[in-house]
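Participant: My file is model34.pdb. It has PDB, C-alpha atoms:
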ATOM      1  CA  MET A   1     102.861 107.454  81.171
ATOM      2  CA  LYS A   2     102.548 103.749  80.516
ATOM      3  CA  TYR A   3      99.163 103.314  82.242
ATOM      4  CA  GLU A   4      95.967 105.339  82.361
ATOM      5  CA  LEU A   5      94.783 103.786  85.635
ATOM      6  CA  VAL A   6      97.046 102.541  88.429
ATOM      7  CA  ILE A   7      95.318 100.533  91.163
ATOM      8  CA  PHE A   8      97.195 100.079  94.441
ATOM      9  CA  ASP A   9      96.732  97.536  97.174
ATOM     10  CA  LEU A  10      96.999  99.205 100.600
ATOM     11  CA  ASP A  11      98.499  97.063 103.386
ATOM     12  CA  GLY A  12     101.998  95.949 102.471
ATOM     13  CA  THR A  13     102.029  98.073  99.311
ATOM     14  CA  LEU A  14     101.337 101.705 100.174
ATOM     15  CA  VAL A  15     101.608 101.432 103.956
ATOM     16  CA  ASP A  16     103.224  99.168 106.534
ATOM     17  CA  THR A  17     100.339  98.246 108.840
ATOM     18  CA  ILE A  18     101.569  94.969 110.284
ATOM     19  CA  GLU A  19     102.406  96.123 113.806
ATOM     20  CA  ASP A  20      99.061  97.830 114.406
ATOM     21  CA  LEU A  21      97.157  94.875 112.943
ATOM     22  CA  GLY A  22      99.120  92.314 114.929
ATOM     23  CA  THR A  23      98.900  94.270 118.161
ATOM     24  CA  ALA A  24      95.116  94.542 117.779
ATOM     25  CA  VAL A  25      94.709  90.813 117.200
ATOM     26  CA  ASN A  26      96.986  90.037 120.149
ATOM     27  CA  TYR A  27      94.827  92.316 122.281
ATOM     28  CA  ALA A  28      91.726  90.303 121.382
ATOM     29  CA  LEU A  29      93.573  87.043 122.041
ATOM     30  CA  SER A  30      94.911  88.290 125.375
ATOM     31  CA  LEU A  31      91.376  89.015 126.589
ATOM     32  CA  ARG A  32      90.703  85.303 126.186
ATOM     33  CA  LYS A  33      94.088  84.226 127.576
ATOM     34  CA  LEU A  34      94.915  82.617 124.232
ATOM     35  CA  PRO A  35      98.385  82.305 122.672
ATOM     36  CA  GLU A  36      99.552  85.441 120.891
ATOM     37  CA  HIS A  37     101.640  85.672 117.708
ATOM     38  CA  THR A  38     104.734  87.564 116.589
ATOM     39  CA  MET A  39     104.590  90.313 113.993
ATOM     40  CA  GLU A  40     106.528  88.065 111.628
ATOM     41  CA  GLU A  41     103.857  85.394 111.951
ATOM     42  CA  TYR A  42     101.171  87.974 111.229
ATOM     43  CA  ARG A  43     102.866  88.847 107.937
ATOM     44  CA  GLY A  44     101.727  85.460 106.651
ATOM     45  CA  MET A  45      98.191  85.816 107.999
ATOM     46  CA  VAL A  46      97.118  89.187 106.609
ATOM     47  CA  GLY A  47      95.697  89.967 103.197
ATOM     48  CA  HIS A  48      92.355  88.168 103.214
ATOM     49  CA  GLY A  49      90.234  90.537 105.302
ATOM     50  CA  VAL A  50      90.144  91.092 109.051
ATOM     51  CA  ARG A  51      87.655  88.323 109.779
ATOM     52  CA  ASN A  52      89.968  85.786 108.200
ATOM     53  CA  LEU A  53      92.930  87.318 110.056
ATOM     54  CA  VAL A  54      91.199  86.874 113.408
ATOM     55  CA  GLU A  55      90.056  83.376 112.526
ATOM     56  CA  VAL A  56      93.493  82.057 111.567
ATOM     57  CA  ALA A  57      95.042  83.695 114.651
ATOM     58  CA  LEU A  58      92.734  81.703 116.919
ATOM     59  CA  PRO A  59      93.664  78.154 117.959
ATOM     60  CA  GLU A  60      92.152  75.762 115.438
ATOM     61  CA  GLN A  61      89.740  74.258 117.955
ATOM     62  CA  GLN A  62      88.296  77.706 118.744
ATOM     63  CA  ARG A  63      87.475  78.902 115.241
ATOM     64  CA  ASP A  64      83.725  78.484 115.575
ATOM     65  CA  SER A  65      81.576  81.366 114.306
ATOM     66  CA  ALA A  66      80.597  82.655 117.741
ATOM     67  CA  THR A  67      84.197  82.874 118.946
ATOM     68  CA  VAL A  68      85.369  84.464 115.707
ATOM     69  CA  ASP A  69      82.567  87.030 115.864
ATOM     70  CA  SER A  70      83.357  87.916 119.463
ATOM     71  CA  CYS A  71      87.092  88.127 118.871
ATOM     72  CA  LEU A  72      86.568  90.193 115.707
ATOM     73  CA  ALA A  73      84.444  92.698 117.618
ATOM     74  CA  ASP A  74      87.194  93.190 120.212
ATOM     75  CA  PHE A  75      89.817  93.430 117.470
ATOM     76  CA  LEU A  76      87.860  96.118 115.624
ATOM     77  CA  THR A  77      87.241  98.160 118.771
ATOM     78  CA  TYR A  78      90.953  98.192 119.570
ATOM     79  CA  TYR A  79      92.190  98.555 115.996
ATOM     80  CA  LYS A  80      89.965 101.508 115.129
ATOM     81  CA  ALA A  81      91.271 103.337 118.191
ATOM     82  CA  HIS A  82      94.926 102.507 117.411
ATOM     83  CA  ILE A  83      94.905 102.230 113.610
ATOM     84  CA  ASP A  84      97.805 104.630 113.017
ATOM     85  CA  VAL A  85     100.016 104.204 116.078
ATOM     86  CA  ASN A  86     102.814 102.486 114.157
ATOM     87  CA  THR A  87     101.429 102.450 110.612
ATOM     88  CA  ARG A  88     103.549 104.402 108.127
ATOM     89  CA  PRO A  89     103.728 104.840 104.348
ATOM     90  CA  TYR A  90     106.574 103.010 102.678
ATOM     91  CA  ASP A  91     109.491 105.180 101.585
ATOM     92  CA  GLY A  92     108.779 107.187  98.475
ATOM     93  CA  MET A  93     105.127 106.254  98.063
ATOM     94  CA  GLN A  94     103.742 109.733  98.736
ATOM     95  CA  ASP A  95     106.044 111.246  96.119
ATOM     96  CA  LEU A  96     105.270 108.462  93.646
ATOM     97  CA  LEU A  97     101.522 108.978  93.939
ATOM     98  CA  SER A  98     101.945 112.722  93.503
ATOM     99  CA  ARG A  99     104.086 112.226  90.397
ATOM    100  CA  LEU A 100     101.655 109.759  88.870
ATOM    101  CA  SER A 101      98.758 112.120  89.476
ATOM    102  CA  SER A 102     100.617 115.101  88.042
ATOM    103  CA  GLU A 103     101.389 113.072  84.916
ATOM    104  CA  GLY A 104      97.682 112.458  84.387
ATOM    105  CA  ALA A 105      97.322 108.889  85.640
ATOM    106  CA  LYS A 106      94.103 107.989  87.407
ATOM    107  CA  LEU A 107      94.786 106.384  90.810
ATOM    108  CA  ALA A 108      92.741 104.038  92.985
ATOM    109  CA  VAL A 109      93.020 101.791  96.032
ATOM    110  CA  ALA A 110      91.715  98.205  96.121
ATOM    111  CA  SER A 111      92.083  96.607  99.548
ATOM    112  CA  ASN A 112      90.703  93.674 101.500
ATOM    113  CA  LYS A 113      90.836  95.836 104.648
ATOM    114  CA  PHE A 114      87.387  96.879 105.868
ATOM    115  CA  GLN A 115      86.114 100.031 104.164
ATOM    116  CA  GLU A 116      86.244 102.329 107.192
ATOM    117  CA  GLY A 117      89.833 101.377 107.946
ATOM    118  CA  THR A 118      90.854 101.754 104.309
ATOM    119  CA  GLU A 119      89.379 105.247 104.110
ATOM    120  CA  THR A 120      90.925 106.264 107.446
ATOM    121  CA  ILE A 121      94.456 105.257 106.466
ATOM    122  CA  VAL A 122      94.277 106.631 102.938
ATOM    123  CA  GLY A 123      92.842 109.896 104.226
ATOM    124  CA  LYS A 124      95.532 110.275 106.885
ATOM    125  CA  PHE A 125      98.560 109.523 104.746
ATOM    126  CA  PHE A 126      97.448 110.330 101.202
ATOM    127  CA  GLY A 127      94.658 112.847 101.696
ATOM    128  CA  ASN A 128      96.100 115.128  99.023
ATOM    129  CA  ILE A 129      95.860 112.490  96.289
ATOM    130  CA  PRO A 130      92.737 112.652  94.062
ATOM    131  CA  PHE A 131      91.915 108.944  93.953
ATOM    132  CA  VAL A 132      89.075 108.038  91.605
ATOM    133  CA  ALA A 133      88.071 105.275  94.035
ATOM    134  CA  ILE A 134      89.088 104.098  97.509
ATOM    135  CA  CYS A 135      87.704 100.599  97.867
ATOM    136  CA  GLY A 136      87.966  98.334 100.873
ATOM    137  CA  ASN A 137      85.978  95.292 101.930
ATOM    138  CA  ARG A 138      82.322  96.304 102.074
ATOM    139  CA  GLU A 139      78.890  94.833 101.670
ATOM    140  CA  GLY A 140      78.063  93.888  98.113
ATOM    141  CA  PHE A 141      81.635  93.220  97.006
ATOM    142  CA  PRO A 142      83.584  89.967  97.361
ATOM    143  CA  LEU A 143      87.156  89.999  98.603
ATOM    144  CA  LYS A 144      90.097  89.899  96.243
ATOM    145  CA  PRO A 145      91.135  87.840  94.289
ATOM    146  CA  ASP A 146      87.623  88.118  92.863
ATOM    147  CA  PRO A 147      88.000  90.730  90.087
ATOM    148  CA  GLU A 148      84.738  92.556  90.879
ATOM    149  CA  LEU A 149      86.475  95.277  92.895
ATOM    150  CA  VAL A 150      88.815  95.992  89.989
ATOM    151  CA  GLU A 151      85.868  96.082  87.592
ATOM    152  CA  HIS A 152      84.101  98.557  89.885
ATOM    153  CA  ILE A 153      87.179 100.793  89.999
ATOM    154  CA  VAL A 154      87.490 100.734  86.211
ATOM    155  CA  ALA A 155      83.841 101.762  85.973
ATOM    156  CA  CYS A 156      84.537 104.670  88.346
ATOM    157  CA  ALA A 157      87.538 105.779  86.282
ATOM    158  CA  PHE A 158      85.987 105.224  82.866
ATOM    159  CA  PRO A 159      82.186 105.260  83.207
ATOM    160  CA  GLY A 160      80.419 102.863  80.907
ATOM    161  CA  GLU A 161      83.648 101.223  79.730
ATOM    162  CA  THR A 162      85.702  98.117  80.543
ATOM    163  CA  ALA A 163      89.354  97.545  81.360
ATOM    164  CA  SER A 164      89.960  96.064  77.907
ATOM    165  CA  GLY A 165      89.762  99.523  76.355
ATOM    166  CA  HIS A 166      92.291 101.095  78.707
ATOM    167  CA  SER A 167      95.778 100.547  80.079
ATOM    168  CA  VAL A 168      95.243  99.448  83.687
ATOM    169  CA  VAL A 169      97.725  97.934  86.151
ATOM    170  CA  LEU A 170      97.471  96.565  89.687
ATOM    171  CA  ILE A 171     100.281  97.136  92.194
ATOM    172  CA  GLY A 172     100.412  94.725  95.125
ATOM    173  CA  ASP A 173     102.559  92.751  97.517
ATOM    174  CA  SER A 174     100.706  89.459  97.781
ATOM    175  CA  ASP A 175      99.646  86.336  95.967
ATOM    176  CA  THR A 176      96.079  87.625  96.350
ATOM    177  CA  ASP A 177      96.939  90.742  94.349
ATOM    178  CA  MET A 178      98.639  88.760  91.601
ATOM    179  CA  LYS A 179      95.622  86.472  91.308
ATOM    180  CA  THR A 180      93.273  89.452  91.315
ATOM    181  CA  ALA A 181      95.111  90.990  88.377
ATOM    182  CA  ALA A 182      95.046  87.692  86.497
ATOM    183  CA  ASN A 183      91.326  87.273  87.160
ATOM    184  CA  ALA A 184      90.704  90.817  85.924
ATOM    185  CA  SER A 185      92.913  90.253  82.855
ATOM    186  CA  ILE A 186      95.203  93.184  83.668
ATOM    187  CA  PRO A 187      98.959  93.282  84.297
ATOM    188  CA  ALA A 188     100.448  93.484  87.763
ATOM    189  CA  VAL A 189     103.631  94.734  89.380
ATOM    190  CA  ALA A 190     104.658  92.894  92.541
ATOM    191  CA  VAL A 191     106.416  95.003  95.171
ATOM    192  CA  THR A 192     108.956  93.165  97.275
ATOM    193  CA  TRP A 193     108.865  95.327 100.407
ATOM    194  CA  GLY A 194     105.518  93.996 101.625
ATOM    195  CA  PHE A 195     104.227  90.979 103.508
ATOM    196  CA  ARG A 196     105.014  88.138 101.085
ATOM    197  CA  SER A 197     108.247  86.652  99.801
ATOM    198  CA  VAL A 198     109.404  86.842  96.203
ATOM    199  CA  ASP A 199     109.000  83.073  95.938
ATOM    200  CA  GLU A 200     105.333  83.328  96.978
ATOM    201  CA  LEU A 201     104.773  86.103  94.476
ATOM    202  CA  LYS A 202     106.398  84.114  91.684
ATOM    203  CA  ALA A 203     104.292  81.075  92.565
ATOM    204  CA  ALA A 204     101.205  83.272  92.203
ATOM    205  CA  GLY A 205     102.259  84.283  88.698
ATOM    206  CA  ALA A 206     104.188  87.502  89.304
ATOM    207  CA  SER A 207     106.704  88.292  86.594
ATOM    208  CA  VAL A 208     107.338  92.027  87.035
ATOM    209  CA  PHE A 209     108.837  93.192  90.333
ATOM    210  CA  ALA A 210     109.800  96.440  92.025
ATOM    211  CA  GLY A 211     112.057  96.652  95.050
ATOM    212  CA  SER A 212     111.691 100.391  95.710
ATOM    213  CA  ALA A 213     109.416 103.294  94.884
ATOM    214  CA  ALA A 214     111.992 104.489  92.363
ATOM    215  CA  GLU A 215     112.006 101.123  90.619
ATOM    216  CA  LEU A 216     108.208 101.053  90.654
ATOM    217  CA  ALA A 217     108.153 104.491  89.019
ATOM    218  CA  THR A 218     110.274 103.095  86.219
ATOM    219  CA  ARG A 219     107.957 100.107  85.806
ATOM    220  CA  LEU A 220     105.058 102.515  85.470
ATOM    221  CA  GLY A 221     106.769 104.595  82.811
ATOM    222  CA  LEU A 222     107.718 107.663  84.835
TER     223      LEU A 222
END
Since I need it in another form, could you write the structure as C-alpha coordinates?
Facilitator:
Amino acid sequence: MKYELVIFDLDGTLVDTIEDLGTAVNYALSLRKLPEHTMEEYRGMVGHGVRNLVEVALPEQQRDSATVDSCLADFLTYYKAHIDVNTRPYDGMQDLLSRLSSEGAKLAVASNKFQEGTETIVGKFFGNIPFVAICGNREGFPLKPDPELVEHIVACAFPGETASGHSVVLIGDSDTDMKTAANASIPAVAVTWGFRSVDELKAAGASVFAGSAAELATRLGL
(Lines of atoms letter the chains of each structure in order from A and count residues from 1; the text may use other names and numbers.)
(Lines give C-alpha, C1' and ligand atoms only; values in the text may rest on other atoms or scores of the structure.)
Protein backbone atom coordinates (compact mmCIF):
# COMPACT_ATOMS: atom_id res chain seq x y z
CA MET A 1 0.00 0.00 0.00
CA LYS A 2 1.22 3.45 -0.93
CA TYR A 3 -0.74 5.32 1.76
CA GLU A 4 -1.52 4.67 5.41
CA LEU A 5 -4.60 6.93 5.44
CA VAL A 6 -6.90 7.55 2.47
CA ILE A 7 -9.42 10.36 2.92
CA PHE A 8 -12.37 10.45 0.52
CA ASP A 9 -14.68 13.28 -0.39
CA LEU A 10 -18.29 12.05 -0.58
CA ASP A 11 -20.51 13.78 -3.16
CA GLY A 12 -19.07 13.38 -6.63
CA THR A 13 -16.32 11.05 -5.41
CA LEU A 14 -17.84 8.07 -3.61
CA VAL A 15 -21.48 8.66 -4.55
CA ASP A 16 -23.47 10.43 -7.25
CA THR A 17 -25.87 12.63 -5.28
CA ILE A 18 -26.62 15.35 -7.81
CA GLU A 19 -30.18 14.39 -8.72
CA ASP A 20 -31.39 14.14 -5.12
CA LEU A 21 -29.66 17.41 -4.19
CA GLY A 22 -30.98 19.25 -7.23
CA THR A 23 -34.50 17.91 -6.83
CA ALA A 24 -34.56 19.04 -3.19
CA VAL A 25 -33.41 22.56 -4.05
CA ASN A 26 -35.94 22.76 -6.89
CA TYR A 27 -38.63 21.72 -4.42
CA ALA A 28 -37.73 24.63 -2.14
CA LEU A 29 -37.65 27.01 -5.11
CA SER A 30 -40.99 25.75 -6.42
CA LEU A 31 -42.66 26.55 -3.09
CA ARG A 32 -41.72 30.17 -3.73
CA LYS A 33 -42.56 30.05 -7.45
CA LEU A 34 -38.93 30.83 -8.26
CA PRO A 35 -36.99 29.63 -11.33
CA GLU A 36 -35.65 26.10 -11.01
CA HIS A 37 -32.35 24.74 -12.35
CA THR A 38 -31.25 21.71 -14.35
CA MET A 39 -29.17 18.93 -12.83
CA GLU A 40 -26.28 19.99 -15.05
CA GLU A 41 -26.43 23.49 -13.59
CA TYR A 42 -26.42 22.04 -10.08
CA ARG A 43 -23.17 20.22 -10.82
CA GLY A 44 -21.46 23.61 -10.78
CA MET A 45 -23.20 24.77 -7.61
CA VAL A 46 -22.51 21.91 -5.20
CA GLY A 47 -19.44 21.33 -3.08
CA HIS A 48 -19.49 24.24 -0.64
CA GLY A 49 -22.15 23.11 1.83
CA VAL A 50 -25.93 23.07 1.52
CA ARG A 51 -26.44 26.63 2.72
CA ASN A 52 -24.23 27.91 -0.07
CA LEU A 53 -26.01 25.61 -2.54
CA VAL A 54 -29.40 27.06 -1.63
CA GLU A 55 -28.07 30.60 -1.69
CA VAL A 56 -26.56 30.41 -5.18
CA ALA A 57 -29.70 28.68 -6.50
CA LEU A 58 -31.83 31.64 -5.44
CA PRO A 59 -32.16 34.68 -7.72
CA GLU A 60 -29.45 37.15 -6.79
CA GLN A 61 -31.91 39.73 -5.50
CA GLN A 62 -33.41 37.20 -3.06
CA ARG A 63 -30.25 36.00 -1.33
CA ASP A 64 -30.89 37.83 1.92
CA SER A 65 -30.35 35.84 5.13
CA ALA A 66 -34.03 35.42 5.95
CA THR A 67 -34.88 34.01 2.53
CA VAL A 68 -31.85 31.73 2.52
CA ASP A 69 -32.71 30.44 5.99
CA SER A 70 -36.31 29.75 5.02
CA CYS A 71 -35.38 28.08 1.74
CA LEU A 72 -32.68 26.01 3.46
CA ALA A 73 -35.18 24.73 6.01
CA ASP A 74 -37.53 23.54 3.25
CA PHE A 75 -34.61 22.02 1.35
CA LEU A 76 -33.44 20.07 4.39
CA THR A 77 -36.93 18.79 5.20
CA TYR A 78 -37.34 17.46 1.67
CA TYR A 79 -33.77 16.24 1.22
CA LYS A 80 -33.64 14.26 4.45
CA ALA A 81 -36.81 12.45 3.43
CA HIS A 82 -35.54 11.75 -0.12
CA ILE A 83 -31.76 11.57 0.40
CA ASP A 84 -31.28 8.20 -1.32
CA VAL A 85 -33.99 8.12 -3.99
CA ASN A 86 -31.54 8.42 -6.88
CA THR A 87 -28.19 8.57 -5.06
CA ARG A 88 -25.86 5.68 -5.93
CA PRO A 89 -22.21 4.78 -5.35
CA TYR A 90 -19.98 5.19 -8.36
CA ASP A 91 -18.97 1.98 -10.11
CA GLY A 92 -16.33 0.04 -8.25
CA MET A 93 -16.14 2.22 -5.15
CA GLN A 94 -17.52 -0.38 -2.74
CA ASP A 95 -14.97 -2.94 -3.91
CA LEU A 96 -12.16 -0.38 -3.81
CA LEU A 97 -12.91 0.59 -0.22
CA SER A 98 -13.06 -3.06 0.80
CA ARG A 99 -9.72 -3.77 -0.87
CA LEU A 100 -8.06 -0.77 0.73
CA SER A 101 -9.34 -1.78 4.15
CA SER A 102 -8.24 -5.39 3.72
CA GLU A 103 -4.76 -4.18 2.77
CA GLY A 104 -4.51 -2.28 6.05
CA ALA A 105 -5.19 1.28 4.92
CA LYS A 106 -7.10 3.52 7.28
CA LEU A 107 -10.10 5.14 5.55
CA ALA A 108 -12.05 8.32 6.26
CA VAL A 109 -14.64 10.63 4.72
CA ALA A 110 -14.27 14.43 4.63
CA SER A 111 -17.33 16.16 3.19
CA ASN A 112 -18.90 19.60 3.11
CA LYS A 113 -22.33 17.93 3.27
CA PHE A 114 -24.05 18.41 6.62
CA GLN A 115 -23.03 15.79 9.19
CA GLU A 116 -26.37 13.98 9.41
CA GLY A 117 -26.58 13.60 5.65
CA THR A 118 -22.98 12.44 5.41
CA GLU A 119 -23.51 9.76 8.05
CA THR A 120 -26.79 8.64 6.47
CA ILE A 121 -25.30 8.12 3.01
CA VAL A 122 -22.09 6.52 4.21
CA GLY A 123 -24.04 4.20 6.50
CA LYS A 124 -26.44 3.15 3.74
CA PHE A 125 -23.91 2.46 1.02
CA PHE A 126 -20.68 1.72 2.88
CA GLY A 127 -21.86 0.51 6.27
CA ASN A 128 -19.47 -2.44 6.18
CA ILE A 129 -16.38 -0.24 5.88
CA PRO A 130 -14.54 0.53 9.17
CA PHE A 131 -13.90 4.23 8.62
CA VAL A 132 -11.74 5.86 11.28
CA ALA A 133 -13.77 9.06 10.84
CA ILE A 134 -16.87 10.16 8.94
CA CYS A 135 -16.79 13.94 8.91
CA GLY A 136 -19.33 16.27 7.39
CA ASN A 137 -20.07 19.94 7.97
CA ARG A 138 -20.75 20.40 11.68
CA GLU A 139 -20.46 23.00 14.38
CA GLY A 140 -16.90 23.76 15.36
CA PHE A 141 -15.34 22.91 12.00
CA PRO A 142 -14.95 25.21 8.99
CA LEU A 143 -15.81 23.98 5.52
CA LYS A 144 -13.17 22.69 3.14
CA PRO A 145 -10.81 23.97 1.76
CA ASP A 146 -9.82 24.86 5.31
CA PRO A 147 -7.49 22.00 6.33
CA GLU A 148 -8.90 21.64 9.86
CA LEU A 149 -11.15 18.72 8.92
CA VAL A 150 -8.18 16.84 7.47
CA GLU A 151 -6.15 17.59 10.59
CA HIS A 152 -8.99 16.24 12.75
CA ILE A 153 -9.16 13.04 10.69
CA VAL A 154 -5.40 12.54 10.97
CA ALA A 155 -5.71 12.94 14.74
CA CYS A 156 -8.45 10.28 14.76
CA ALA A 157 -6.30 7.89 12.72
CA PHE A 158 -3.01 8.59 14.48
CA PRO A 159 -3.74 10.02 17.94
CA GLY A 160 -1.27 12.62 19.08
CA GLU A 161 0.49 12.78 15.70
CA THR A 162 0.41 14.96 12.57
CA ALA A 163 0.08 14.21 8.88
CA SER A 164 3.77 14.94 8.33
CA GLY A 165 4.70 11.65 9.99
CA HIS A 166 2.39 9.53 7.85
CA SER A 167 1.49 8.88 4.23
CA VAL A 168 -1.92 10.52 3.77
CA VAL A 169 -3.83 11.26 0.56
CA LEU A 170 -7.10 13.03 -0.25
CA ILE A 171 -9.36 11.74 -3.02
CA GLY A 172 -11.83 14.25 -4.46
CA ASP A 173 -13.63 15.53 -7.52
CA SER A 174 -13.53 19.29 -7.03
CA ASP A 175 -11.34 22.35 -6.88
CA THR A 176 -12.29 22.55 -3.20
CA ASP A 177 -10.76 19.12 -2.56
CA MET A 178 -7.56 19.99 -4.41
CA LYS A 179 -7.20 23.19 -2.40
CA THR A 180 -7.94 21.33 0.83
CA ALA A 181 -5.13 18.89 0.14
CA ALA A 182 -2.74 21.73 -0.68
CA ASN A 183 -3.70 23.59 2.49
CA ALA A 184 -3.14 20.42 4.52
CA SER A 185 0.19 19.75 2.77
CA ILE A 186 -0.86 16.29 1.57
CA PRO A 187 -1.11 14.86 -1.95
CA ALA A 188 -4.40 14.52 -3.79
CA VAL A 189 -5.86 12.36 -6.53
CA ALA A 190 -8.55 14.03 -8.62
CA VAL A 191 -11.30 11.74 -9.90
CA THR A 192 -12.80 12.72 -13.22
CA TRP A 193 -16.24 11.13 -12.86
CA GLY A 194 -17.56 13.76 -10.44
CA PHE A 195 -19.04 17.23 -10.62
CA ARG A 196 -16.11 19.27 -11.98
CA SER A 197 -14.27 19.27 -15.29
CA VAL A 198 -10.66 18.24 -15.72
CA ASP A 199 -9.81 21.83 -16.66
CA GLU A 200 -11.25 23.09 -13.35
CA LEU A 201 -9.31 20.46 -11.45
CA LYS A 202 -6.08 21.35 -13.22
CA ALA A 203 -6.65 25.04 -12.51
CA ALA A 204 -6.98 24.14 -8.82
CA GLY A 205 -3.60 22.41 -8.88
CA ALA A 206 -4.53 18.79 -9.61
CA SER A 207 -1.75 16.80 -11.22
CA VAL A 208 -2.74 13.18 -10.54
CA PHE A 209 -6.01 11.93 -12.02
CA ALA A 210 -8.11 8.78 -12.02
CA GLY A 211 -10.88 8.09 -14.49
CA SER A 212 -12.19 4.87 -12.92
CA ALA A 213 -12.09 2.96 -9.66
CA ALA A 214 -9.55 0.60 -11.21
CA GLU A 215 -7.28 3.48 -12.16
CA LEU A 216 -7.69 4.98 -8.69
CA ALA A 217 -6.67 1.65 -7.16
CA THR A 218 -3.47 1.81 -9.17
CA ARG A 219 -2.81 5.38 -8.04
CA LEU A 220 -3.17 4.22 -4.46
CA GLY A 221 -0.74 1.35 -4.88
CA LEU A 222 -3.13 -1.59 -4.97
Participant: Counting all atoms listed in the file, find residues at most 10 Å from (90.9, 90.1, 92.2) (file frame) and give them as a list of chain:residue names.
Facilitator: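 Answer for this query, in the requested form: A:Ala110, A:Ser111, A:Asn112, A:Pro142, A:Leu143, A:Lys144, A:Pro145, A:Asp146, A:Pro147, A:Glu148, A:Leu149, A:Val150, A:Glu151, A:Leu170, A:Thr176, A:Asp177, A:Met178, A:Lys179, A:Thr180, A:Ala181, A:Ala182, A:Asn183, A:Ala184, A:Ser185.
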Participant: Would you translate the PyMOL selection byres ((chain A and resi 78) around 9) into the concrete set of residues it matches in this file, as an mmCIF file with C-alpha atoms, in the coordinates of the input?
Facilitator:
data_model
loop_
_atom_site.group_PDB
_atom_site.id
_atom_site.type_symbol
_atom_site.label_atom_id
_atom_site.label_comp_id
_atom_site.auth_asym_id
_atom_site.auth_seq_id
_atom_site.Cartn_x
_atom_site.Cartn_y
_atom_site.Cartn_z
ATOM 1 C CA THR A 23 98.900 94.270 118.161
ATOM 2 C CA ALA A 24 95.116 94.542 117.779
ATOM 3 C CA VAL A 25 94.709 90.813 117.200
ATOM 4 C CA TYR A 27 94.827 92.316 122.281
ATOM 5 C CA ALA A 28 91.726 90.303 121.382
ATOM 6 C CA ALA A 73 84.444 92.698 117.618
ATOM 7 C CA ASP A 74 87.194 93.190 120.212
ATOM 8 C CA PHE A 75 89.817 93.430 117.470
ATOM 9 C CA LEU A 76 87.860 96.118 115.624
ATOM 10 C CA THR A 77 87.241 98.160 118.771
ATOM 11 C CA TYR A 79 92.190 98.555 115.996
ATOM 12 C CA LYS A 80 89.965 101.508 115.129
ATOM 13 C CA ALA A 81 91.271 103.337 118.191
ATOM 14 C CA HIS A 82 94.926 102.507 117.411
ATOM 15 C CA ILE A 83 94.905 102.230 113.610
#
Participant: Kindly indicate which residue among A:Ser30, A:Asn52, A:Ser207, A:Asn137 lies nearest to Arg219 (chain A), using only C-alpha atoms for the distances.
Facilitator: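 Closest to Arg219 (chain A), using only C-alpha atoms: A:Ser207.
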Participant: What lies within 7 Å of Leu201 (chain A) using all atoms listed in the file, ignoring chain neighbours under 5 positions off, as an mmCIF file with C-alpha atoms, in the frame of the given file?
Facilitator:
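Writing done, so here's part-v9.cif:
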data_model
loop_
_atom_site.group_PDB
_atom_site.id
_atom_site.type_symbol
_atom_site.label_atom_id
_atom_site.label_comp_id
_atom_site.auth_asym_id
_atom_site.auth_seq_id
_atom_site.Cartn_x
_atom_site.Cartn_y
_atom_site.Cartn_z
ATOM 1 C CA SER A 174 100.706 89.459 97.781
ATOM 2 C CA ASP A 175 99.646 86.336 95.967
ATOM 3 C CA ARG A 196 105.014 88.138 101.085
ATOM 4 C CA ALA A 206 104.188 87.502 89.304
#
Participant: Once the PyMOL selection byres ((chain A and resi 166) around 12) has been evaluated on this model, what residues remain selected, and can you format them as a list in words?
Facilitator: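 Matching residues under the PyMOL selection byres ((chain A and resi 166) around 12) are Lys2, Tyr3, Glu4, Leu5, Val6, Ala105, Lys106, Val154, Ala155, Ala157, Phe158, Pro159, Glu161, Thr162, Ala163, Ser164, Gly165, Ser167, Val168, Val169, Ser185, Ile186 and Pro187 of chain A.
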Participant: I'd like the interatomic distance between CA of Phe209 (chain A) and CA of Leu14 (chain A), to a tenth of an Å.
Facilitator: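 Value for the CA of Phe209 (chain A)-CA of Leu14 (chain A) distance: 15.0 Å.
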Participant: If I take CA of Ala210 (chain A) and CA of Leu21 (chain A), how far is one from the other in Å, to one decimal?
Facilitator: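 A separation of 24.5 Å between them.
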Participant: Quote the spacing between CA of Tyr42 (chain A) and CA of Ala203 (chain A) in Å to one decimal place.
Facilitator: 20.1 Å
Participant: Please write as a VMD selection string the full residue list that the PyMOL selection byres ((chain A and resi 107) around 8) yields on this file.
Facilitator: chain A and resid 5 to 8 97 100 to 101 105 to 106 108 to 109 130 to 133
Participant: With distances taken over all atoms listed in the file, which of A:Ile129, A:Phe114, A:Ile153, A:Val46 is nearest to Arg99 (chain A)?
Facilitator: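 Closest to Arg99 (chain A), using all atoms listed in the file: A:Ile129.
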Participant: Determine the nearest neighbour of Asp9 (chain A) from the options A:Gly205, A:Gly123, A:Gly47, A:Gly22, counting all atoms listed in the file.
Facilitator: A:Gly47
Participant: Neighbours of Cys71 (chain A) within 9 Å (all atoms listed in the file; same-chain residues fewer than 6 positions away dropped), as an MDAnalysis selection string?
Facilitator: chainID A and resid 25 28:29 31:32 54:55 58
Participant: Of the candidates A:Ser70, A:Thr218, A:Thr17, A:Gln94, which shows the shortest atom-to-atom distance to Gly117 (chain A), using only C-alpha atoms?
Facilitator: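 For Gly117 (chain A), the nearest of the candidates is A:Thr17.
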Participant: Nearest to Arg138 (chain A) among A:Ser65, A:Thr118, A:Ser197, A:Asn86, with distances taken over all atoms listed in the file: which residue is it?
Facilitator: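 For Arg138 (chain A), the nearest of the candidates is A:Thr118.
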Participant: If the box runs along x, y and z of the file and leaves 8 Å on each side of region 73-88 of chain A, what are its centre and edge lengths in Å, one decimal, as lines of an AutoDock Vina configuration file?
Facilitator:
center_x = 94.0
center_y = 98.7
center_z = 114.2
size_x = 35.1
size_y = 27.9
size_z = 28.1
Participant: I need the residue nearest Phe125 (chain A) from this list: A:Arg88, A:Met39, A:Glu139, A:Arg51. Use all atoms listed in the file for the distance.
Facilitator: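 Distance minimum relative to Phe125 (chain A) lands on A:Arg88.
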